[in-house]
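Colleague: Just so it is clear, I am handing over protein37.cif, which has mmCIF, C-alpha atoms.
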data_work
loop_
_atom_site.label_atom_id
_atom_site.label_comp_id
_atom_site.auth_asym_id
_atom_site.auth_seq_id
_atom_site.Cartn_x
_atom_site.Cartn_y
_atom_site.Cartn_z
CA MET A 77 0.50 10.58 -2.03
CA ALA A 78 4.21 10.46 -1.23
CA TYR A 79 4.97 12.90 -4.05
CA ASP A 80 2.16 15.17 -2.86
CA ARG A 81 3.61 15.20 0.67
CA TYR A 82 7.08 15.75 -0.79
CA LEU A 83 5.90 18.83 -2.69
CA ALA A 84 3.93 20.17 0.28
CA ILE A 85 6.92 19.94 2.63
CA CYS A 86 9.99 20.34 0.40
CA ASN A 87 8.58 22.84 -2.16
CA PRO A 88 5.59 24.52 -0.48
CA LEU A 89 5.81 27.73 -2.52
CA ARG A 90 5.84 25.82 -5.81
CA TYR A 91 3.16 23.30 -4.79
CA ASN A 92 0.24 24.85 -6.69
CA GLY A 93 2.34 25.32 -9.81
CA ILE A 94 3.59 21.72 -9.87
CA MET A 95 0.61 19.77 -8.49
CA THR A 96 -1.90 20.88 -11.09
CA ARG A 97 -5.07 19.13 -12.15
CA ARG A 98 -3.20 17.70 -15.14
CA THR A 99 -0.47 16.27 -12.88
CA CYS A 100 -3.09 14.63 -10.64
CA ILE A 101 -4.87 13.12 -13.65
CA THR A 102 -1.54 11.87 -15.03
CA PHE A 103 -0.68 10.19 -11.71
CA ALA A 104 -4.13 8.62 -11.37
CA GLY A 105 -4.17 7.48 -15.00
CA THR A 106 -0.71 5.93 -14.70
CA CYS A 107 -1.82 4.01 -11.60
CA TRP A 108 -4.99 2.78 -13.31
CA VAL A 109 -3.27 1.75 -16.54
CA THR A 110 -0.43 0.02 -14.69
CA GLY A 111 -2.92 -1.67 -12.37
CA PHE A 112 -4.83 -2.98 -15.38
CA LEU A 113 -1.92 -3.98 -17.63
CA ALA A 114 0.46 -5.45 -15.05
CA PRO A 115 -1.71 -8.45 -14.13
CA SER A 116 -2.66 -9.14 -17.76
CA ILE A 117 0.67 -10.84 -18.62
CA PRO A 118 0.71 -13.31 -15.70
CA THR A 119 -3.03 -13.91 -16.17
CA THR A 120 -2.45 -14.84 -19.81
CA PHE A 121 0.14 -17.41 -18.79
CA LEU A 122 -2.07 -18.62 -15.93
CA ILE A 123 -5.02 -19.21 -18.25
CA CYS A 124 -2.91 -21.55 -20.38
CA LEU A 125 -2.18 -23.90 -17.47
CA PRO A 126 -4.15 -27.14 -17.12
CA PHE A 127 -6.09 -27.46 -13.89
CA CYS A 128 -7.25 -30.87 -12.69
CA ASP A 129 -9.00 -32.28 -9.65
CA SER A 130 -10.12 -29.65 -7.16
CA ASN A 131 -11.41 -26.26 -8.20
CA VAL A 132 -11.38 -24.92 -4.63
CA ILE A 133 -8.80 -22.23 -3.95
CA ASP A 134 -7.28 -22.31 -0.49
CA HIS A 135 -7.23 -18.54 -0.06
CA PHE A 136 -9.43 -15.53 0.75
CA PHE A 137 -9.53 -14.35 -2.85
CA CYS A 138 -8.51 -15.56 -6.29
CA ASP A 139 -4.78 -14.84 -6.47
CA ALA A 140 -1.95 -16.20 -8.62
CA PRO A 141 0.05 -18.20 -6.01
CA PRO A 142 -2.95 -20.30 -4.82
CA LEU A 143 -4.01 -20.87 -8.44
CA LEU A 144 -0.52 -21.98 -9.37
CA LYS A 145 -0.67 -24.50 -6.55
CA LEU A 146 -3.75 -26.09 -8.19
CA SER A 147 -2.03 -26.59 -11.55
CA ARG A 148 -0.70 -30.01 -12.52
CA GLN A 149 1.92 -28.61 -14.90
CA ASN A 150 5.42 -27.24 -14.28
CA ILE A 151 4.80 -23.70 -12.98
CA ASN A 152 8.39 -22.44 -13.00
CA THR A 153 7.77 -20.07 -15.95
CA ASN A 154 4.72 -18.59 -14.25
CA GLU A 155 6.60 -18.11 -10.99
CA VAL A 156 9.46 -16.36 -12.78
CA ILE A 157 7.02 -14.05 -14.63
CA ASN A 158 5.20 -13.24 -11.39
CA PHE A 159 8.52 -12.58 -9.66
CA ILE A 160 9.86 -10.28 -12.41
CA LEU A 161 6.65 -8.27 -12.78
CA GLY A 162 6.08 -8.09 -9.04
CA SER A 163 9.65 -6.92 -8.53
CA MET A 164 9.44 -4.28 -11.24
CA ILE A 165 6.10 -2.81 -10.21
CA LEU A 166 6.24 -3.07 -6.43
CA LEU A 167 9.88 -2.19 -5.98
CA THR A 168 9.71 0.74 -8.41
CA SER A 169 6.73 2.30 -6.66
CA PHE A 170 8.24 1.49 -3.25
CA LEU A 171 11.55 3.15 -4.18
CA CYS A 172 9.74 6.25 -5.50
CA SER A 173 7.83 6.52 -2.23
CA MET A 174 10.94 5.97 -0.13
CA ILE A 175 12.97 8.55 -2.08
CA SER A 176 10.17 11.05 -1.48
CA TYR A 177 10.14 10.25 2.25
CA ILE A 178 13.92 10.43 2.56
CA ASN A 179 13.76 13.93 1.07
CA ILE A 180 10.82 14.81 3.32
CA ILE A 181 12.58 13.63 6.48
CA SER A 182 15.80 15.44 5.60
CA THR A 183 13.80 18.63 4.96
CA ILE A 184 11.90 18.22 8.25
CA LEU A 185 15.14 17.75 10.19
CA ASN A 186 16.39 21.09 8.79
CA ILE A 187 13.35 23.02 10.08
CA PRO A 188 14.67 25.26 12.87
CA THR A 189 11.74 25.06 15.32
CA ALA A 190 10.46 21.97 17.10
CA ASP A 191 6.85 23.06 16.50
CA GLY A 192 7.52 23.39 12.78
CA ARG A 193 9.13 19.93 12.65
CA LYS A 194 6.19 18.43 14.53
CA LYS A 195 3.62 20.04 12.22
CA ALA A 196 5.50 19.00 9.07
CA PHE A 197 6.03 15.44 10.27
CA SER A 198 2.38 15.06 11.30
CA THR A 199 1.29 15.66 7.70
CA CYS A 200 3.12 12.57 6.46
CA ALA A 201 3.68 10.25 9.42
CA TYR A 202 0.38 8.36 9.08
CA HIS A 203 0.83 7.88 5.35
CA LEU A 204 4.36 6.59 5.95
CA ILE A 205 3.01 4.02 8.43
CA ILE A 206 0.36 2.80 5.97
CA VAL A 207 2.86 2.69 3.10
CA THR A 208 5.30 0.68 5.21
CA ILE A 209 2.65 -1.85 6.22
CA PHE A 210 1.30 -2.17 2.68
CA TYR A 211 4.63 -2.50 0.89
CA SER A 212 6.21 -4.84 3.44
CA THR A 213 3.31 -7.29 3.15
CA THR A 214 2.89 -7.09 -0.64
CA ILE A 215 6.62 -7.37 -1.28
CA PHE A 216 6.73 -10.41 1.02
CA THR A 217 3.84 -11.97 -0.89
CA TYR A 218 4.76 -11.23 -4.49
CA VAL A 219 8.48 -10.51 -4.73
CA ARG A 220 10.02 -13.89 -4.19
CA PRO A 221 11.21 -16.38 -6.77
CA ARG A 222 9.16 -19.37 -5.62
CA THR A 223 5.73 -19.82 -4.13
CA LEU A 224 6.12 -20.84 -0.50
CA ASN A 225 4.20 -23.79 0.88
CA ALA A 226 3.19 -21.98 4.06
CA PHE A 227 -0.14 -20.83 2.62
CA ASN A 228 -1.73 -20.22 6.02
CA PHE A 229 0.97 -17.65 6.74
CA ASN A 230 0.49 -16.22 3.24
CA LYS A 231 -3.23 -15.88 3.91
CA ILE A 232 -2.55 -13.87 7.06
CA VAL A 233 -0.14 -11.58 5.21
CA SER A 234 -2.66 -11.19 2.36
CA LEU A 235 -5.33 -10.30 4.89
CA ILE A 236 -3.14 -7.46 6.18
CA TYR A 237 -2.64 -5.75 2.82
CA SER A 238 -6.06 -6.49 1.32
CA VAL A 239 -8.37 -5.91 4.31
CA ILE A 240 -6.66 -4.38 7.34
CA THR A 241 -4.68 -1.63 5.58
CA PRO A 242 -7.68 -0.25 3.64
CA MET A 243 -9.86 -0.62 6.74
CA ILE A 244 -7.60 1.46 9.01
CA ASN A 245 -6.92 4.16 6.38
CA PRO A 246 -10.13 6.15 7.05
CA PHE A 247 -9.57 6.01 10.81
CA ILE A 248 -5.97 7.17 10.61
CA TYR A 249 -6.66 10.01 8.19
CA SER A 250 -9.82 11.17 9.94
CA LEU A 251 -8.11 11.20 13.36
CA ARG A 252 -5.67 13.77 11.94
CA ASN A 253 -8.59 16.18 11.54
CA ASN A 254 -8.98 18.40 14.65
CA ASP A 255 -12.78 18.59 14.33
CA ILE A 256 -13.12 14.82 14.31
CA ARG A 257 -10.71 14.47 17.26
CA GLN A 258 -12.68 17.05 19.26
CA ALA A 259 -15.99 15.31 18.44
CA LEU A 260 -14.50 11.96 19.48
CA LYS A 261 -13.26 13.44 22.78
CA LYS A 262 -16.72 14.92 23.46
CA ALA A 263 -18.38 11.58 22.71
CA VAL A 264 -16.02 9.74 25.08
CA LYS A 265 -16.54 12.35 27.83
CA LEU A 266 -20.31 12.19 27.34
CA LYS A 267 -20.31 8.41 27.51
CA TYR A 268 -18.11 8.51 30.62
CA ALA A 269 -20.43 11.13 32.24
CA ILE A 270 -23.51 9.00 31.48
CA ARG A 271 -21.91 5.93 33.09
CA ASN A 272 -21.06 7.85 36.25
#
Can I see the file as structure tokens?

Modeller:
Amino acid sequence: MAYDRYLAICNPLRYNGIMTRRTCITFAGTCWVTGFLAPSIPTTFLICLPFCDSNVIDHFFCDAPPLLKLSRQNINTNEVINFILGSMILLTSFLCSMISYINIISTILNIPTADGRKKAFSTCAYHLIIVTIFYSTTIFTYVRPRTLNAFNFNKIVSLIYSVITPMINPFIYSLRNNDIRQALKKAVKLKYAIRN
């Protein structure tokens, strides 16, 4: 999405030539393959751990840090593997997104008219907000060398990136659409007129 916004704002005349169907499929395929392969290494190491006593995970979903807490073996190797893979994957994608947005913002600031800057910034501002929320919470959760003991705080952070961010995405992107905004305004006015 960040690269798409980058092309739309920084190279609008070349957009259709660069963002082809093949490019979209390549981006989607890379995301799917990485999303499948990246967890397979830590999962392989996690499966080899002995688990004793309780089989209840103190978390909203089955995730590596709460599972590691249940293990009775030394988990340093697993924590290092999770840290290295989390760092590589999250920070690489975060840096790619941020480089795109730095280029976008510098291009927007060079637009001569205020109306043009506003229109260009409105196409990417909501995505930038979602990306910032998502990456800040996932980096906090997965890119640290040791599992923290404050699991209640970790659960809240996990709730933000796994539930709240995907839940607000449709609202944010649909509110950008003028037709939906107009329909929402009419519904509010109608409800207000009915009350009075």

Colleague: Between A:Phe136, A:Arg148, A:Ile270, A:Cys86, which residue has the minimum interatomic distance to A:Ile178, considering only C-alpha atoms?

Modeller: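 The closest residue to A:Ile178 is A:Cys86.
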
Colleague: Mind checking which residues fall within 10 Å of stretch 181-189 of chain A, counting only C-alpha atoms, ignoring those fewer than 3 positions away in the same chain, and posting them as an mmCIF file with C-alpha atoms, in the coordinates of the input?

Modeller:
data_model
loop_
_atom_site.group_PDB
_atom_site.id
_atom_site.type_symbol
_atom_site.label_atom_id
_atom_site.label_comp_id
_atom_site.auth_asym_id
_atom_site.auth_seq_id
_atom_site.Cartn_x
_atom_site.Cartn_y
_atom_site.Cartn_z
ATOM 1 C CA TYR A 82 7.080 15.750 -0.790
ATOM 2 C CA ILE A 85 6.920 19.940 2.630
ATOM 3 C CA CYS A 86 9.990 20.340 0.400
ATOM 4 C CA ASN A 87 8.580 22.840 -2.160
ATOM 5 C CA ILE A 175 12.970 8.550 -2.080
ATOM 6 C CA SER A 176 10.170 11.050 -1.480
ATOM 7 C CA TYR A 177 10.140 10.250 2.250
ATOM 8 C CA ILE A 178 13.920 10.430 2.560
ATOM 9 C CA GLY A 192 7.520 23.390 12.780
ATOM 10 C CA ARG A 193 9.130 19.930 12.650
ATOM 11 C CA LYS A 194 6.190 18.430 14.530
ATOM 12 C CA LYS A 195 3.620 20.040 12.220
ATOM 13 C CA ALA A 196 5.500 19.000 9.070
ATOM 14 C CA PHE A 197 6.030 15.440 10.270
ATOM 15 C CA CYS A 200 3.120 12.570 6.460
ATOM 16 C CA ALA A 201 3.680 10.250 9.420
#

Colleague: Carefully work through the PyMOL selection byres ((chain A and resi 153-156) around 9) for this structure and note down the residues it includes, as a ChimeraX atom specification.

Modeller: /A:118,121-122,141,144,150-152,157-161,220-223

Colleague: Export C-alpha atoms of the chosen residues as a tab-separated table (two decimals), keeping the file's coordinate frame?

Modeller:
chain	number	residue	atom	x	y	z
A	118	PRO	CA	0.71	-13.31	-15.70
A	121	PHE	CA	0.14	-17.41	-18.79
A	122	LEU	CA	-2.07	-18.62	-15.93
A	141	PRO	CA	0.05	-18.20	-6.01
A	144	LEU	CA	-0.52	-21.98	-9.37
A	150	ASN	CA	5.42	-27.24	-14.28
A	151	ILE	CA	4.80	-23.70	-12.98
A	152	ASN	CA	8.39	-22.44	-13.00
A	157	ILE	CA	7.02	-14.05	-14.63
A	158	ASN	CA	5.20	-13.24	-11.39
A	159	PHE	CA	8.52	-12.58	-9.66
A	160	ILE	CA	9.86	-10.28	-12.41
A	161	LEU	CA	6.65	-8.27	-12.78
A	220	ARG	CA	10.02	-13.89	-4.19
A	221	PRO	CA	11.21	-16.38	-6.77
A	222	ARG	CA	9.16	-19.37	-5.62
A	223	THR	CA	5.73	-19.82	-4.13

Colleague: Using only C-alpha atoms, can you tell me which of A:Ala140, A:Asp129, A:Met95, A:Tyr79 comes closest to A:Ser116?

Modeller: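 The shortest atom-to-atom distance to A:Ser116 comes from A:Ala140.
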
Colleague: Let me make sure I understand: among A:Phe127, A:Tyr202, A:Tyr91, A:Tyr237, which one has the smallest atom-to-atom distance to A:Ser250 if we use all atoms listed in the file?

Modeller: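 Closest candidate: A:Tyr202.
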
Colleague: Do you know which residues are at most 12 Å from A:Pro242 counting all atoms listed in the file, after dropping those on the same chain fewer than 6 positions away, and could you put them as a ChimeraX atom specification?

Modeller: /A:203,206-207,209-210,235-236,248-249

Colleague: Tell me which residues the PyMOL selection byres ((chain A and resi 238) around 12) grabs here, as an MDAnalysis selection string.

Modeller: chainID A and resid 136:137 139 209:211 213:214 217 230:237 239:245

Colleague: Because the input lacks atoms here, generate N, CA and C atoms for stretch 159-192 of chain A and report them as a PDB file, keeping the file's coordinate frame.

Modeller:
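After the write, rebuild.pdb holds the following:
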ATOM      1  N   PHE A 159       7.417 -13.171 -10.416  1.00  0.00           N
ATOM      2  CA  PHE A 159       8.520 -12.580  -9.660  1.00  0.00           C
ATOM      3  C   PHE A 159       9.058 -11.328 -10.366  1.00  0.00           C
ATOM      4  N   ILE A 160       9.295 -11.419 -11.663  1.00  0.00           N
ATOM      5  CA  ILE A 160       9.860 -10.280 -12.410  1.00  0.00           C
ATOM      6  C   ILE A 160       8.884  -9.111 -12.427  1.00  0.00           C
ATOM      7  N   LEU A 161       7.630  -9.361 -12.753  1.00  0.00           N
ATOM      8  CA  LEU A 161       6.650  -8.270 -12.780  1.00  0.00           C
ATOM      9  C   LEU A 161       6.394  -7.690 -11.403  1.00  0.00           C
ATOM     10  N   GLY A 162       6.273  -8.569 -10.401  1.00  0.00           N
ATOM     11  CA  GLY A 162       6.080  -8.090  -9.040  1.00  0.00           C
ATOM     12  C   GLY A 162       7.242  -7.241  -8.572  1.00  0.00           C
ATOM     13  N   SER A 163       8.451  -7.693  -8.907  1.00  0.00           N
ATOM     14  CA  SER A 163       9.650  -6.920  -8.530  1.00  0.00           C
ATOM     15  C   SER A 163       9.649  -5.564  -9.195  1.00  0.00           C
ATOM     16  N   MET A 164       9.397  -5.554 -10.505  1.00  0.00           N
ATOM     17  CA  MET A 164       9.440  -4.280 -11.240  1.00  0.00           C
ATOM     18  C   MET A 164       8.405  -3.296 -10.718  1.00  0.00           C
ATOM     19  N   ILE A 165       7.184  -3.733 -10.567  1.00  0.00           N
ATOM     20  CA  ILE A 165       6.100  -2.810 -10.210  1.00  0.00           C
ATOM     21  C   ILE A 165       6.168  -2.416  -8.744  1.00  0.00           C
ATOM     22  N   LEU A 166       6.241  -3.391  -7.857  1.00  0.00           N
ATOM     23  CA  LEU A 166       6.240  -3.070  -6.430  1.00  0.00           C
ATOM     24  C   LEU A 166       7.501  -2.341  -5.994  1.00  0.00           C
ATOM     25  N   LEU A 167       8.645  -2.827  -6.430  1.00  0.00           N
ATOM     26  CA  LEU A 167       9.880  -2.190  -5.980  1.00  0.00           C
ATOM     27  C   LEU A 167      10.070  -0.798  -6.585  1.00  0.00           C
ATOM     28  N   THR A 168       9.615  -0.588  -7.820  1.00  0.00           N
ATOM     29  CA  THR A 168       9.710   0.740  -8.410  1.00  0.00           C
ATOM     30  C   THR A 168       8.847   1.744  -7.653  1.00  0.00           C
ATOM     31  N   SER A 169       7.603   1.376  -7.401  1.00  0.00           N
ATOM     32  CA  SER A 169       6.730   2.300  -6.660  1.00  0.00           C
ATOM     33  C   SER A 169       7.199   2.477  -5.225  1.00  0.00           C
ATOM     34  N   PHE A 170       7.707   1.403  -4.609  1.00  0.00           N
ATOM     35  CA  PHE A 170       8.240   1.490  -3.250  1.00  0.00           C
ATOM     36  C   PHE A 170       9.443   2.432  -3.199  1.00  0.00           C
ATOM     37  N   LEU A 171      10.368   2.284  -4.158  1.00  0.00           N
ATOM     38  CA  LEU A 171      11.550   3.150  -4.180  1.00  0.00           C
ATOM     39  C   LEU A 171      11.178   4.610  -4.413  1.00  0.00           C
ATOM     40  N   CYS A 172      10.198   4.864  -5.280  1.00  0.00           N
ATOM     41  CA  CYS A 172       9.740   6.250  -5.500  1.00  0.00           C
ATOM     42  C   CYS A 172       9.184   6.839  -4.202  1.00  0.00           C
ATOM     43  N   SER A 173       8.390   6.058  -3.496  1.00  0.00           N
ATOM     44  CA  SER A 173       7.830   6.520  -2.230  1.00  0.00           C
ATOM     45  C   SER A 173       8.923   6.751  -1.193  1.00  0.00           C
ATOM     46  N   MET A 174       9.873   5.824  -1.111  1.00  0.00           N
ATOM     47  CA  MET A 174      10.940   5.970  -0.130  1.00  0.00           C
ATOM     48  C   MET A 174      11.870   7.147  -0.439  1.00  0.00           C
ATOM     49  N   ILE A 175      12.158   7.389  -1.710  1.00  0.00           N
ATOM     50  CA  ILE A 175      12.970   8.550  -2.080  1.00  0.00           C
ATOM     51  C   ILE A 175      12.258   9.835  -1.670  1.00  0.00           C
ATOM     52  N   SER A 176      10.941   9.882  -1.905  1.00  0.00           N
ATOM     53  CA  SER A 176      10.170  11.050  -1.480  1.00  0.00           C
ATOM     54  C   SER A 176      10.256  11.231   0.030  1.00  0.00           C
ATOM     55  N   TYR A 177      10.117  10.134   0.790  1.00  0.00           N
ATOM     56  CA  TYR A 177      10.140  10.250   2.250  1.00  0.00           C
ATOM     57  C   TYR A 177      11.537  10.540   2.792  1.00  0.00           C
ATOM     58  N   ILE A 178      12.559  10.065   2.134  1.00  0.00           N
ATOM     59  CA  ILE A 178      13.920  10.430   2.560  1.00  0.00           C
ATOM     60  C   ILE A 178      14.113  11.937   2.401  1.00  0.00           C
ATOM     61  N   ASN A 179      13.673  12.482   1.270  1.00  0.00           N
ATOM     62  CA  ASN A 179      13.760  13.930   1.070  1.00  0.00           C
ATOM     63  C   ASN A 179      12.897  14.697   2.068  1.00  0.00           C
ATOM     64  N   ILE A 180      11.716  14.167   2.350  1.00  0.00           N
ATOM     65  CA  ILE A 180      10.820  14.810   3.320  1.00  0.00           C
ATOM     66  C   ILE A 180      11.470  14.836   4.700  1.00  0.00           C
ATOM     67  N   ILE A 181      11.986  13.705   5.138  1.00  0.00           N
ATOM     68  CA  ILE A 181      12.580  13.630   6.480  1.00  0.00           C
ATOM     69  C   ILE A 181      13.808  14.524   6.588  1.00  0.00           C
ATOM     70  N   SER A 182      14.630  14.552   5.539  1.00  0.00           N
ATOM     71  CA  SER A 182      15.800  15.440   5.600  1.00  0.00           C
ATOM     72  C   SER A 182      15.387  16.908   5.625  1.00  0.00           C
ATOM     73  N   THR A 183      14.310  17.256   4.928  1.00  0.00           N
ATOM     74  CA  THR A 183      13.800  18.630   4.960  1.00  0.00           C
ATOM     75  C   THR A 183      13.232  18.953   6.344  1.00  0.00           C
ATOM     76  N   ILE A 184      12.493  18.010   6.921  1.00  0.00           N
ATOM     77  CA  ILE A 184      11.900  18.220   8.250  1.00  0.00           C
ATOM     78  C   ILE A 184      12.993  18.420   9.294  1.00  0.00           C
ATOM     79  N   LEU A 185      14.054  17.632   9.209  1.00  0.00           N
ATOM     80  CA  LEU A 185      15.140  17.750  10.190  1.00  0.00           C
ATOM     81  C   LEU A 185      15.854  19.100  10.093  1.00  0.00           C
ATOM     82  N   ASN A 186      15.758  19.770   8.958  1.00  0.00           N
ATOM     83  CA  ASN A 186      16.390  21.090   8.790  1.00  0.00           C
ATOM     84  C   ASN A 186      15.490  22.252   9.207  1.00  0.00           C
ATOM     85  N   ILE A 187      14.244  21.966   9.596  1.00  0.00           N
ATOM     86  CA  ILE A 187      13.350  23.020  10.080  1.00  0.00           C
ATOM     87  C   ILE A 187      13.856  23.471  11.443  1.00  0.00           C
ATOM     88  N   PRO A 188      14.021  24.785  11.643  1.00  0.00           N
ATOM     89  CA  PRO A 188      14.670  25.260  12.870  1.00  0.00           C
ATOM     90  C   PRO A 188      13.859  25.078  14.157  1.00  0.00           C
ATOM     91  N   THR A 189      12.522  25.133  14.085  1.00  0.00           N
ATOM     92  CA  THR A 189      11.740  25.060  15.320  1.00  0.00           C
ATOM     93  C   THR A 189      11.156  23.658  15.516  1.00  0.00           C
ATOM     94  N   ALA A 190      11.033  23.275  16.772  1.00  0.00           N
ATOM     95  CA  ALA A 190      10.460  21.970  17.100  1.00  0.00           C
ATOM     96  C   ALA A 190       8.992  21.904  16.708  1.00  0.00           C
ATOM     97  N   ASP A 191       8.264  23.012  16.878  1.00  0.00           N
ATOM     98  CA  ASP A 191       6.850  23.060  16.500  1.00  0.00           C
ATOM     99  C   ASP A 191       6.682  22.900  14.995  1.00  0.00           C
ATOM    100  N   GLY A 192       7.566  23.519  14.235  1.00  0.00           N
ATOM    101  CA  GLY A 192       7.520  23.390  12.780  1.00  0.00           C
ATOM    102  C   GLY A 192       7.821  21.977  12.330  1.00  0.00           C
TER     103      GLY A 192
END
